[in-house]
$ cat model-v1.txt   # compact mmCIF, C-alpha atoms
# COMPACT_ATOMS: atom_id res chain seq x y z
CA ALA E 1 0.00 0.00 0.00
CA ARG E 2 2.83 2.36 0.88
CA ARG E 3 4.66 1.55 -2.38
CA VAL E 4 1.52 2.11 -4.47
CA ARG E 5 0.93 5.45 -2.78
CA SER E 6 4.57 6.44 -3.43
CA VAL E 7 4.31 5.47 -7.12
CA CYS E 8 1.04 7.40 -7.50
CA LEU E 9 2.52 10.45 -5.79
CA ASN E 10 5.62 10.35 -8.00
CA ALA E 11 3.45 9.94 -11.12
CA ALA E 12 1.35 12.95 -10.09
CA VAL E 13 4.47 15.04 -9.47
CA ALA E 14 5.93 13.98 -12.85
CA PHE E 15 2.65 14.88 -14.60
CA ILE E 16 2.57 18.32 -12.97
CA ALA E 17 6.23 18.86 -13.86
CA LEU E 18 5.50 18.01 -17.52
CA LEU E 19 2.48 20.30 -17.44
CA VAL E 20 4.62 23.17 -16.13
CA LEU E 21 7.54 22.46 -18.50
CA PHE E 22 5.42 22.00 -21.65
CA PRO E 23 5.11 25.74 -22.51
CA LEU E 24 8.86 26.19 -22.09
CA LEU E 25 9.66 23.16 -24.26
CA TRP E 26 7.17 24.27 -26.93
CA MET E 27 8.68 27.78 -26.90
CA LEU E 28 12.10 26.24 -27.50
CA SER E 29 10.69 24.10 -30.32
CA VAL E 30 8.99 27.13 -31.94
CA SER E 31 12.29 29.02 -31.88
CA PHE E 32 13.69 26.48 -34.36
CA MET E 33 10.63 26.62 -36.69
CA ALA E 34 10.51 28.63 -39.89
CA THR E 35 8.68 31.96 -39.68
CA GLY E 36 4.91 31.43 -39.61
CA GLU E 37 5.03 27.66 -39.04
CA ALA E 38 3.86 27.96 -35.42
CA ALA E 39 0.81 29.96 -36.55
CA SER E 40 -0.65 27.01 -38.50
CA PHE E 41 -3.56 25.02 -37.09
CA PRO E 42 -3.07 22.74 -35.29
CA PRO E 43 0.32 24.06 -34.20
CA PRO E 44 3.07 21.47 -34.67
CA LEU E 45 4.99 20.25 -31.62
CA LEU E 46 8.26 19.93 -33.54
CA PRO E 47 9.52 21.94 -36.53
CA SER E 48 9.14 20.34 -39.97
CA THR E 49 12.51 21.84 -40.92
CA TRP E 50 14.92 23.02 -38.27
CA THR E 51 16.38 26.50 -38.70
CA LEU E 52 18.64 28.88 -36.77
CA GLU E 53 17.25 31.90 -38.62
CA HIS E 54 15.68 33.44 -35.50
CA TYR E 55 18.84 33.04 -33.41
CA ARG E 56 20.95 34.52 -36.20
CA ASP E 57 18.59 37.50 -36.34
CA LEU E 58 18.61 37.83 -32.56
CA PHE E 59 22.40 37.89 -32.21
CA VAL E 60 23.50 39.51 -35.49
CA THR E 61 20.74 42.01 -36.26
CA GLN E 62 19.28 42.73 -32.84
CA GLY E 63 22.56 42.75 -30.87
CA MET E 64 21.54 40.27 -28.17
CA GLY E 65 25.18 39.35 -27.54
CA ARG E 66 25.87 42.91 -26.40
CA TYR E 67 22.81 42.86 -24.13
CA LEU E 68 23.91 39.59 -22.53
CA TRP E 69 27.43 40.92 -22.01
CA ASN E 70 26.08 44.14 -20.45
CA SER E 71 23.88 42.13 -18.08
CA PHE E 72 26.74 39.84 -17.08
CA ALA E 73 29.22 42.70 -16.58
CA LEU E 74 26.79 44.90 -14.63
CA ALA E 75 25.61 42.02 -12.42
CA THR E 76 29.21 41.05 -11.66
CA MET E 77 30.28 44.62 -10.89
CA ALA E 78 27.15 45.31 -8.82
CA THR E 79 27.75 42.17 -6.76
CA GLY E 80 31.41 43.00 -6.21
CA LEU E 81 30.71 46.61 -5.25
CA ALA E 82 27.84 45.62 -2.96
CA LEU E 83 30.16 43.20 -1.16
CA LEU E 84 32.85 45.87 -0.97
CA PHE E 85 30.48 48.21 0.87
CA THR E 86 28.11 45.94 2.82
CA VAL E 87 30.64 43.52 4.33
CA PRO E 88 32.67 46.16 6.23
CA ALA E 89 29.51 48.03 7.24
CA GLY E 90 27.76 44.88 8.47
CA TYR E 91 30.86 43.84 10.38
CA ALA E 92 31.12 47.31 11.94
CA PHE E 93 27.50 47.21 13.08
CA ALA E 94 28.02 43.75 14.59
CA LYS E 95 31.44 43.92 16.24
CA LEU E 96 32.67 47.49 16.60
CA ARG E 97 31.45 49.73 19.41
CA PHE E 98 30.64 53.32 18.48
CA ARG E 99 28.17 55.93 19.62
CA GLY E 100 24.77 55.72 17.93
CA ARG E 101 25.42 52.25 16.52
CA GLU E 102 22.15 50.65 17.68
CA ARG E 103 20.01 53.69 16.86
CA THR E 104 21.49 54.00 13.37
CA PHE E 105 20.98 50.30 12.70
CA GLN E 106 17.39 50.49 13.94
CA LEU E 107 16.70 53.39 11.57
CA LEU E 108 18.21 51.46 8.66
CA VAL E 109 16.11 48.37 9.43
CA ALA E 110 13.02 50.56 9.78
CA ALA E 111 13.72 51.86 6.27
CA LEU E 112 13.23 48.31 4.97
CA VAL E 113 9.47 48.66 5.42
CA VAL E 114 9.38 51.60 3.01
CA PRO E 115 8.44 50.29 -0.46
CA ALA E 116 11.24 50.68 -3.02
CA GLN E 117 8.88 52.42 -5.46
CA ILE E 118 8.76 55.45 -3.16
CA GLY E 119 12.46 56.05 -3.71
CA THR E 120 12.39 55.62 -7.49
CA LEU E 121 11.75 59.25 -8.46
CA PRO E 122 14.16 60.77 -5.90
CA LEU E 123 16.80 58.24 -6.98
CA PHE E 124 16.30 59.16 -10.63
CA LEU E 125 16.52 62.88 -9.85
CA MET E 126 19.68 62.31 -7.82
CA LEU E 127 21.28 60.30 -10.65
CA LYS E 128 20.20 62.96 -13.15
CA GLY E 129 21.77 65.68 -11.00
CA MET E 130 25.00 63.66 -10.92
CA GLY E 131 24.91 63.23 -14.71
CA LEU E 132 24.67 59.45 -14.44
CA VAL E 133 21.47 58.80 -16.41
CA ASN E 134 22.06 56.27 -19.25
CA THR E 135 25.51 55.31 -17.97
CA TYR E 136 26.96 52.15 -16.47
CA ALA E 137 27.77 54.07 -13.29
CA GLY E 138 24.12 55.13 -13.05
CA ALA E 139 23.08 51.49 -13.21
CA LEU E 140 25.59 50.55 -10.48
CA VAL E 141 25.16 53.36 -7.93
CA PRO E 142 21.78 52.17 -6.59
CA TRP E 143 23.29 48.74 -5.86
CA LEU E 144 26.43 49.93 -4.04
CA ALA E 145 24.95 49.10 -0.67
CA SER E 146 21.63 47.64 0.34
CA ILE E 147 20.13 47.74 3.79
CA PHE E 148 19.07 44.11 3.48
CA GLY E 149 22.60 43.06 2.53
CA LEU E 150 23.98 45.03 5.47
CA PHE E 151 21.45 43.33 7.75
CA LEU E 152 22.45 39.86 6.50
CA VAL E 153 26.17 40.52 6.96
CA ARG E 154 25.55 41.95 10.44
CA GLN E 155 23.54 38.91 11.46
CA TYR E 156 26.25 36.58 10.18
CA SER E 157 28.98 38.60 11.90
CA LEU E 158 27.09 38.38 15.19
CA SER E 159 27.43 34.59 14.97
CA ILE E 160 31.25 34.85 15.02
CA PRO E 161 32.36 34.43 18.65
CA ASP E 162 34.19 37.43 20.10
CA GLU E 163 36.76 35.01 21.50
CA MET E 164 37.74 34.05 17.96
CA LEU E 165 38.30 37.72 17.08
CA GLU E 166 40.34 38.23 20.25
CA ALA E 167 42.49 35.22 19.37
CA ALA E 168 43.04 36.67 15.89
CA ARG E 169 44.08 40.02 17.39
CA ILE E 170 46.55 38.25 19.68
CA ASP E 171 47.98 36.49 16.63
CA GLY E 172 48.54 39.87 14.96
CA ALA E 173 45.38 40.42 12.91
CA SER E 174 43.92 43.92 12.81
CA GLU E 175 40.52 45.37 12.05
CA GLY E 176 41.84 47.84 9.52
CA GLN E 177 42.78 50.53 12.01
$ encode --input "model-v1.txt" --output "structure tokens"
Amino acid sequence: ARRVRSVCLNAAVAFIALLVLFPLLWMLSVSFMATGEAASFPPPLLPSTWTLEHYRDLFVTQGMGRYLWNSFALATMATGLALLFTVPAGYAFAKLRFRGRERTFQLLVAALVVPAQIGTLPLFLMLKGMGLVNTYAGALVPWLASIFGLFLVRQYSLSIPDEMLEAARIDGASEGQ
């Protein structure tokens, strides 16, 4: 009985997976069809003649290669810059003692409840005033530091025992002072 139930459950999951994947697989199949072939009735599941015409148009005429490169480069730079800013700040909020630390962190966390859409226009106006509209720098500046990233790094840094940091200091490590 248990085995039958397991087989039925797996069959149901496989059916749902196929149901969810079917539109994606058909989209991939249509991308290899000749222009207009997918518009016939009933629509074919597989192309009658396979062609790369649409991919050639996408990469040669439409410049998709450049778009992919821009996305990769900007995502990589945004991630690196965000780490460069949020890791030291999160560590400082977790382990360093300074006046106003808790109050400042509370204000930053409180800002998380403000919807991002509220800051869109002021952010655009700020970037426009800095002359960064339609530039790579303008795409990167908003991602330099995020409050959520700072929060995550702070929470992780709090899990590092102070004794471990003291042992590192005794061994000659510094905190960048």
$ residues_around --input "model-v1.txt" --residues "region 93-106 of chain E" --least-positions-apart "6" --cutoff "8 Å" --atoms "only C-alpha atoms" --output "ChimeraX atom specification"
/E:154-155,157-158
$ atom_distance --input "model-v1.txt" --atom1 "CA of Thr76 (chain E)" --atom2 "CA of Leu140 (chain E)"
10.2 Å
$ residues_around --input "model-v1.txt" --residues "region 168-175 of chain E" --least-positions-apart "2" --cutoff "12 Å" --atoms "only C-alpha atoms" --output "PyMOL selection string"
chain E and resi 88+91-92+95-96+160-166+177
$ write_last_selection --input "model-v1.txt" --atoms "C-alpha atoms" --output "JSON list (two decimals), keeping the file's coordinate frame"
[["chain", "number", "residue", "atom", "x", "y", "z"],
["E", 88, "PRO", "CA", 32.67, 46.16, 6.23],
["E", 91, "TYR", "CA", 30.86, 43.84, 10.38],
["E", 92, "ALA", "CA", 31.12, 47.31, 11.94],
["E", 95, "LYS", "CA", 31.44, 43.92, 16.24],
["E", 96, "LEU", "CA", 32.67, 47.49, 16.60],
["E", 160, "ILE", "CA", 31.25, 34.85, 15.02],
["E", 161, "PRO", "CA", 32.36, 34.43, 18.65],
["E", 162, "ASP", "CA", 34.19, 37.43, 20.10],
["E", 163, "GLU", "CA", 36.76, 35.01, 21.50],
["E", 164, "MET", "CA", 37.74, 34.05, 17.96],
["E", 165, "LEU", "CA", 38.30, 37.72, 17.08],
["E", 166, "GLU", "CA", 40.34, 38.23, 20.25],
["E", 177, "GLN", "CA", 42.78, 50.53, 12.01]]
$ residues_around --input "model-v1.txt" --residues "His54 (chain E)" --least-positions-apart "4" --cutoff "8 Å" --atoms "all atoms listed in the file" --output "PyMOL selection string"
chain E and resi 31-32+58
$ atom_distance --input "model-v1.txt" --atom1 "CA of Glu53 (chain E)" --atom2 "CA of Phe22 (chain E)"
22.9 Å
$ residues_around --input "model-v1.txt" --residues "Leu83 (chain E)" --least-positions-apart "4" --cutoff "9 Å" --atoms "only C-alpha atoms" --output "list in words"
Ala78, Thr79, Val87, Pro88, Leu144, Ala145 and Gly149 of chain E
$ atom_distance --input "model-v1.txt" --atom1 "CA of Gly90 (chain E)" --atom2 "CA of Leu152 (chain E)"
7.6 Å
$ closest_residue --input "model-v1.txt" --among "E:Ala139, E:Ala39, E:Val153, E:Ile147" --to "Ala75 (chain E)" --atoms "all atoms listed in the file"
E:Ala139
$ closest_residue --input "model-v1.txt" --among "E:Leu18, E:Pro142, E:Leu74, E:Val109" --to "Phe124 (chain E)" --atoms "all atoms listed in the file"
E:Pro142
$ closest_residue --input "model-v1.txt" --among "E:Leu108, E:Asp57, E:Leu24, E:Thr135" --to "Asn70 (chain E)" --atoms "all atoms listed in the file"
E:Thr135
$ build_atoms --input "model-v1.txt" --residues "region 124-141 of chain E" --atoms "N, CA, C and O atoms" --output "PDB file, in the frame of the given file"
ATOM      1  N   PHE E 124      16.096  58.710  -9.260  1.00  0.00           N
ATOM      2  CA  PHE E 124      16.300  59.160 -10.630  1.00  0.00           C
ATOM      3  C   PHE E 124      16.771  60.619 -10.657  1.00  0.00           C
ATOM      4  O   PHE E 124      17.709  60.959 -11.385  1.00  0.00           O
ATOM      5  N   LEU E 125      16.130  61.469  -9.872  1.00  0.00           N
ATOM      6  CA  LEU E 125      16.520  62.880  -9.850  1.00  0.00           C
ATOM      7  C   LEU E 125      17.941  63.057  -9.335  1.00  0.00           C
ATOM      8  O   LEU E 125      18.693  63.897  -9.830  1.00  0.00           O
ATOM      9  N   MET E 126      18.317  62.249  -8.345  1.00  0.00           N
ATOM     10  CA  MET E 126      19.680  62.310  -7.820  1.00  0.00           C
ATOM     11  C   MET E 126      20.680  61.873  -8.898  1.00  0.00           C
ATOM     12  O   MET E 126      21.699  62.540  -9.111  1.00  0.00           O
ATOM     13  N   LEU E 127      20.387  60.767  -9.584  1.00  0.00           N
ATOM     14  CA  LEU E 127      21.280  60.300 -10.650  1.00  0.00           C
ATOM     15  C   LEU E 127      21.345  61.303 -11.798  1.00  0.00           C
ATOM     16  O   LEU E 127      22.407  61.516 -12.386  1.00  0.00           O
ATOM     17  N   LYS E 128      20.216  61.943 -12.096  1.00  0.00           N
ATOM     18  CA  LYS E 128      20.200  62.960 -13.150  1.00  0.00           C
ATOM     19  C   LYS E 128      21.059  64.150 -12.751  1.00  0.00           C
ATOM     20  O   LYS E 128      21.835  64.670 -13.557  1.00  0.00           O
ATOM     21  N   GLY E 129      20.959  64.567 -11.498  1.00  0.00           N
ATOM     22  CA  GLY E 129      21.770  65.680 -11.000  1.00  0.00           C
ATOM     23  C   GLY E 129      23.257  65.358 -11.026  1.00  0.00           C
ATOM     24  O   GLY E 129      24.095  66.244 -11.189  1.00  0.00           O
ATOM     25  N   MET E 130      23.600  64.088 -10.885  1.00  0.00           N
ATOM     26  CA  MET E 130      25.000  63.660 -10.920  1.00  0.00           C
ATOM     27  C   MET E 130      25.470  63.389 -12.348  1.00  0.00           C
ATOM     28  O   MET E 130      26.639  63.066 -12.557  1.00  0.00           O
ATOM     29  N   GLY E 131      24.555  63.496 -13.319  1.00  0.00           N
ATOM     30  CA  GLY E 131      24.910  63.230 -14.710  1.00  0.00           C
ATOM     31  C   GLY E 131      25.135  61.751 -15.004  1.00  0.00           C
ATOM     32  O   GLY E 131      25.916  61.403 -15.895  1.00  0.00           O
ATOM     33  N   LEU E 132      24.448  60.881 -14.284  1.00  0.00           N
ATOM     34  CA  LEU E 132      24.670  59.450 -14.440  1.00  0.00           C
ATOM     35  C   LEU E 132      23.535  58.713 -15.150  1.00  0.00           C
ATOM     36  O   LEU E 132      23.542  57.486 -15.204  1.00  0.00           O
ATOM     37  N   VAL E 133      22.562  59.447 -15.696  1.00  0.00           N
ATOM     38  CA  VAL E 133      21.470  58.800 -16.410  1.00  0.00           C
ATOM     39  C   VAL E 133      22.032  58.213 -17.717  1.00  0.00           C
ATOM     40  O   VAL E 133      22.832  58.839 -18.397  1.00  0.00           O
ATOM     41  N   ASN E 134      21.611  56.989 -18.050  1.00  0.00           N
ATOM     42  CA  ASN E 134      22.060  56.270 -19.250  1.00  0.00           C
ATOM     43  C   ASN E 134      23.554  55.984 -19.242  1.00  0.00           C
ATOM     44  O   ASN E 134      24.210  56.033 -20.279  1.00  0.00           O
ATOM     45  N   THR E 135      24.097  55.693 -18.073  1.00  0.00           N
ATOM     46  CA  THR E 135      25.510  55.310 -17.970  1.00  0.00           C
ATOM     47  C   THR E 135      25.604  54.030 -17.140  1.00  0.00           C
ATOM     48  O   THR E 135      24.681  53.676 -16.408  1.00  0.00           O
ATOM     49  N   TYR E 136      26.738  53.345 -17.286  1.00  0.00           N
ATOM     50  CA  TYR E 136      26.960  52.150 -16.470  1.00  0.00           C
ATOM     51  C   TYR E 136      27.024  52.530 -14.990  1.00  0.00           C
ATOM     52  O   TYR E 136      26.505  51.815 -14.141  1.00  0.00           O
ATOM     53  N   ALA E 137      27.666  53.627 -14.684  1.00  0.00           N
ATOM     54  CA  ALA E 137      27.770  54.070 -13.290  1.00  0.00           C
ATOM     55  C   ALA E 137      26.374  54.317 -12.710  1.00  0.00           C
ATOM     56  O   ALA E 137      26.110  53.982 -11.552  1.00  0.00           O
ATOM     57  N   GLY E 138      25.485  54.882 -13.498  1.00  0.00           N
ATOM     58  CA  GLY E 138      24.120  55.130 -13.050  1.00  0.00           C
ATOM     59  C   GLY E 138      23.358  53.841 -12.763  1.00  0.00           C
ATOM     60  O   GLY E 138      22.480  53.804 -11.905  1.00  0.00           O
ATOM     61  N   ALA E 139      23.711  52.785 -13.477  1.00  0.00           N
ATOM     62  CA  ALA E 139      23.080  51.490 -13.210  1.00  0.00           C
ATOM     63  C   ALA E 139      23.676  50.828 -11.976  1.00  0.00           C
ATOM     64  O   ALA E 139      23.023  50.011 -11.331  1.00  0.00           O
ATOM     65  N   LEU E 140      24.909  51.180 -11.622  1.00  0.00           N
ATOM     66  CA  LEU E 140      25.590  50.550 -10.480  1.00  0.00           C
ATOM     67  C   LEU E 140      25.353  51.259  -9.156  1.00  0.00           C
ATOM     68  O   LEU E 140      25.286  50.615  -8.114  1.00  0.00           O
ATOM     69  N   VAL E 141      25.254  52.580  -9.176  1.00  0.00           N
ATOM     70  CA  VAL E 141      25.160  53.360  -7.930  1.00  0.00           C
ATOM     71  C   VAL E 141      24.038  52.878  -7.009  1.00  0.00           C
ATOM     72  O   VAL E 141      24.269  52.713  -5.809  1.00  0.00           O
TER      73      VAL E 141
END
